[in-house]
Amino acid sequence: MLQSRLFTKTRKELPADEASKNAQLLIRAGYVHKEMAGAYSFLPLGLRVLERIKGIVREEMNGIGGQEIIMTALQRKELWERTNRWDDKQVDIWFKSQLKSGGDVGFGWSHEEPITDMMKSFIGSYRDLPVYVYQFQTKLRNELRAKSGLMRGREFVMKDLYSYSANEEEHRAFYEAVTAAYMRVFERIGLGDKTFFTFASGGAFTEFSHEFQTLTDAGEDVIYLHRGKKIAVNKEVLSEKVLDELGLKQSELEEVRAAEVGNIFSFGGKKSEELGLMFRDEKGEQKPAILGSYGIGITRAMGVLAELFADERGIVWPKEVAPYDVHLLLLPSDDEAVEKEASALYERLQNEGIHVLYDERKGVSAGEKFADADLIGIPVRAVISEKSMKAGGIEVKGRTEEKAVVMDAKKLLSLLKK
RNA sequence: CGGGGCGUAGUAUACCGGUAGUAUACCUGCUUUGGGAGCAGGCGGACCGAGUUCGAUUCUCGGCGCCCCGACCA
């Protein structure tokens, strides 16, 4: 991508209407645009990060047998009435509207009800089970108070996966497979070290649930962490009974703030019964499918990444989610050979399948290009200038490194392909 | 929803009961060119409504919006 064609601009000033670090950085660097409180548009750079996170999640979901779909955002009142979740007294974050032709519609804040209803069209026998379906969806939640930038929005992207199993064993096996896949996801996007499997409340509709909590002061949860065992207990459910069951001692636990980046629930057969998702087992008996529901907050994960991976100069994206592999900077020069060299390298890297943001902007000082590169936070910076050419190559520097190393294109390529 | 703070140019800010200054961004020209360059010129602004007042961007009330703390977070 030629940076001169990138319509977004970086900003020096902090936005006055944002206090959270993630929103400040992402706005200053041109990743997102705030539309209103709790609603952010994703700009070209931001979209690339989002798509990379989604790509990793997609691979892991497909890897455990998930099939991707997209449900509608519009939802029928009737389905949610059947499970007693339409009433604002039960669920207070509904966005609702009326059809011109009459009747109410809801905007999806979750999709258990419609997807379970839909699956009735496809599940009738134990032979049809298990089924694992997932989607990346924009969820709409009428939060009383949106806050912390991308961390708690009224509109956000979530990956939600639903499992339909014939019996508890089958369900439990998949639940564990999801747990492992989720840890791989967080590992791959760079949050592995700081993300912990956490015991939590299932709320009003499920008995138990687990969360994936990433340690950050920007999070809104307090968890009690056992670092040795790499597990935690959400403050919500902390009790002697729970600790006993988990074999944990209060004295070994650390109280820390964390952000919930993922959660997994077991609904049992209750929701299937309420919505009529029944199947015949081997003996011809009618049974409700066992439902599991598994979420990853895609946009929230992006916010957490910006919170965690940044320094005083800007963002420091983990390699796997960075919008580009390398930021190529052409510094100002009167010598045409310098630009030729840089453009040739740009072509060459692209031909090798490397994703390059090429800052070939004219009339932009070296200092400004450096500052922009630091703010945008692409992991590797490659500089071509009169000076680098005299030194015999390209000045290459990792985002967090202080000093650049001069190397030739071949070496740069092998470094980027690692 | 309770409490607190704040709405001035694209952005960030200042002052003021007598129509607003600065920085940055943007446009023009010249000079610069390795860590957000310099000079000169230019464009551009008081959230909405009501009230008080000779006069309101400024004071009062209401609305709307944004941020923070708390509550909530299936």
# chains A, B, ... in the order shown; residues from 1 in each chain; ligands from 1

call {"tool": "closest_atom_pairs", "arguments": {"of": "chain B", "to": "chain A", "cutoff": "6 Å", "atoms": "only C-alpha atoms (C1' of nucleotides)", "output": "Markdown table"}}
result
| residue | atom | partner | partner_atom | distance |
| --- | --- | --- | --- | --- |
| B:A12 | C1' | A:Glu13 | CA | 5.9 |
| B:G34 | C1' | A:Ala366 | CA | 5.8 |
| B:G35 | C1' | A:Gly367 | CA | 4.1 |
| B:G36 | C1' | A:Glu368 | CA | 4.4 |
| B:C66 | C1' | A:Asp17 | CA | 5.7 |
| B:C67 | C1' | A:Asp17 | CA | 5.9 |
| B:A74 | C1' | A:Gly203 | CA | 5.0 |

call {"tool": "select_by_dssp", "arguments": {"residues": "range 19-261 of chain A", "states": "helix (DSSP H, G or I)", "output": "PyMOL selection string"}}
result
chain A and resi 21-28+44-63+77-82+112-119+126-128+149-151+168-188+192-194+235-237+240-246+250-252

call {"tool": "residues_around", "arguments": {"residues": "Gly393 in chain A", "least_positions_apart": "3", "cutoff": "6 Å", "atoms": "only C-alpha atoms (C1' of nucleotides)", "output": "PDB file with N, CA and C atoms, in the first residue's frame"}}
result
ATOM      1  N   SER A 388      21.434   5.410   3.898  1.00  0.00           N
ATOM      2  CA  SER A 388      21.392   3.944   3.908  1.00  0.00           C
ATOM      3  C   SER A 388      22.075   3.386   2.663  1.00  0.00           C
ATOM      4  N   MET A 389      21.924   4.101   1.544  1.00  0.00           N
ATOM      5  CA  MET A 389      22.531   3.606   0.317  1.00  0.00           C
ATOM      6  C   MET A 389      24.054   3.699   0.378  1.00  0.00           C
ATOM      7  N   VAL A 406      21.993  -2.309   9.098  1.00  0.00           N
ATOM      8  CA  VAL A 406      22.002  -2.195   7.628  1.00  0.00           C
ATOM      9  C   VAL A 406      22.108  -3.589   7.024  1.00  0.00           C
ATOM     10  N   MET A 407      21.228  -3.856   6.060  1.00  0.00           N
ATOM     11  CA  MET A 407      21.272  -5.171   5.405  1.00  0.00           C
ATOM     12  C   MET A 407      20.820  -5.035   3.962  1.00  0.00           C
ATOM     13  N   ASP A 408      21.017  -6.093   3.182  1.00  0.00           N
ATOM     14  CA  ASP A 408      20.545  -6.052   1.801  1.00  0.00           C
ATOM     15  C   ASP A 408      19.129  -6.621   1.719  1.00  0.00           C
TER      16      ASP A 408
END

call {"tool": "residues_around", "arguments": {"residues": "G62 in chain B", "least_positions_apart": "2", "cutoff": "12 Å", "atoms": "only C-alpha atoms (C1' of nucleotides)", "output": "PyMOL selection string"}}
result
chain B and resi 48-51+60+64

call {"tool": "select_by_dssp", "arguments": {"residues": "range 71-215 of chain A", "states": "strand (DSSP E)", "output": "ChimeraX atom specification"}}
result
/A:74-76,95-98,104-107,131-140,155-165,195-201,208-215

call {"tool": "write_last_selection", "arguments": {"atoms": "C-alpha atoms", "output": "compact mmCIF listing (two decimals), in the first residue's frame"}}
result
# COMPACT_ATOMS: atom_id res chain seq x y z
CA LEU A 74 -32.73 -8.40 12.88
CA GLN A 75 -34.42 -10.79 15.25
CA ARG A 76 -37.96 -11.97 15.95
CA PHE A 95 -32.22 -2.26 20.91
CA LYS A 96 -35.76 -2.67 19.62
CA SER A 97 -37.77 -1.22 16.80
CA GLN A 98 -41.07 -1.65 14.95
CA ASP A 104 -41.64 -5.63 16.87
CA VAL A 105 -38.10 -6.54 15.91
CA GLY A 106 -34.99 -6.70 18.00
CA PHE A 107 -31.41 -6.01 17.01
CA VAL A 131 -23.07 -29.62 14.76
CA TYR A 132 -20.75 -26.69 15.36
CA VAL A 133 -21.69 -23.37 13.80
CA TYR A 134 -20.05 -19.99 14.18
CA GLN A 135 -20.11 -16.49 12.82
CA PHE A 136 -18.48 -13.10 13.07
CA GLN A 137 -21.28 -10.72 13.92
CA THR A 138 -21.82 -7.12 14.77
CA LYS A 139 -23.59 -7.25 18.10
CA LEU A 140 -25.80 -4.39 19.18
CA GLU A 155 -21.77 -2.00 18.61
CA PHE A 156 -18.94 -4.47 18.38
CA VAL A 157 -17.76 -7.53 16.52
CA MET A 158 -17.97 -10.87 18.22
CA LYS A 159 -17.20 -14.35 17.06
CA ASP A 160 -19.90 -16.57 18.40
CA LEU A 161 -19.89 -20.33 18.12
CA TYR A 162 -22.73 -22.68 18.98
CA SER A 163 -22.51 -26.40 19.51
CA TYR A 164 -25.38 -28.88 19.33
CA SER A 165 -24.59 -32.25 20.80
CA THR A 195 -4.75 -14.62 29.28
CA PHE A 196 -6.15 -17.03 31.87
CA PHE A 197 -8.90 -19.58 31.97
CA THR A 198 -11.26 -18.23 34.58
CA PHE A 199 -14.18 -19.70 36.48
CA ALA A 200 -17.19 -17.47 36.40
CA SER A 201 -20.89 -17.18 36.89
CA PHE A 208 -21.57 -22.44 35.10
CA SER A 209 -19.35 -20.71 32.61
CA HIS A 210 -15.74 -20.02 31.93
CA GLU A 211 -14.10 -16.86 30.81
CA PHE A 212 -10.83 -16.03 29.18
CA GLN A 213 -9.47 -13.05 31.03
CA THR A 214 -6.53 -10.96 29.83
CA LEU A 215 -4.62 -9.09 32.50

call {"tool": "atom_distance", "arguments": {"atom1": "CA of Arg141 in chain A", "atom2": "CA of Gly292 in chain A"}}
result
21.3 Å

call {"tool": "residues_around", "arguments": {"residues": "range 115-117 of chain A", "least_positions_apart": "6", "cutoff": "8 Å", "atoms": "only C-alpha atoms (C1' of nucleotides)", "output": "list in words"}}
result
Met71, Leu79, Ser272, Leu275, Gly276 and Leu277 of chain A

call {"tool": "write_last_selection", "arguments": {"atoms": "C-alpha atoms", "output": "short mmCIF file (atom, residue, chain, number, x, y, z; two decimals), in the first residue's frame"}}
result
data_model
loop_
_atom_site.label_atom_id
_atom_site.label_comp_id
_atom_site.auth_asym_id
_atom_site.auth_seq_id
_atom_site.Cartn_x
_atom_site.Cartn_y
_atom_site.Cartn_z
CA MET A 71 -27.01 -14.77 10.91
CA LEU A 79 -38.30 -16.44 19.73
CA SER A 272 -33.48 -26.48 22.95
CA LEU A 275 -37.40 -23.52 21.36
CA GLY A 276 -38.32 -27.03 20.27
CA LEU A 277 -34.99 -28.23 18.91
#

call {"tool": "residues_around", "arguments": {"residues": "range 335-344 of chain A", "least_positions_apart": "5", "cutoff": "9 Å", "atoms": "only C-alpha atoms (C1' of nucleotides)", "output": "ChimeraX atom specification"}}
result
/A:328-330,349,358,360,383-386,389

call {"tool": "atom_distance", "arguments": {"atom1": "CA of Lys21 in chain A", "atom2": "CA of Leu50 in chain A"}}
result
18.0 Å

call {"tool": "residues_around", "arguments": {"residues": "range 16-29 of chain B", "least_positions_apart": "2", "cutoff": "10 Å", "atoms": "only C-alpha atoms (C1' of nucleotides)", "output": "VMD selection string"}}
result
(chain A and resid 11 to 13) or (chain B and resid 8 10 to 14 40 to 46 53 55 to 59)

call {"tool": "atom_distance", "arguments": {"atom1": "CA of Ile315 in chain A", "atom2": "CA of Leu375 in chain A"}}
result
5.6 Å

call {"tool": "closest_residue", "arguments": {"among": "A:Thr216, A:Gly103, A:Lys249, A:Ala310", "to": "Lys229 in chain A", "atoms": "only C-alpha atoms"}}
result
A:Lys249
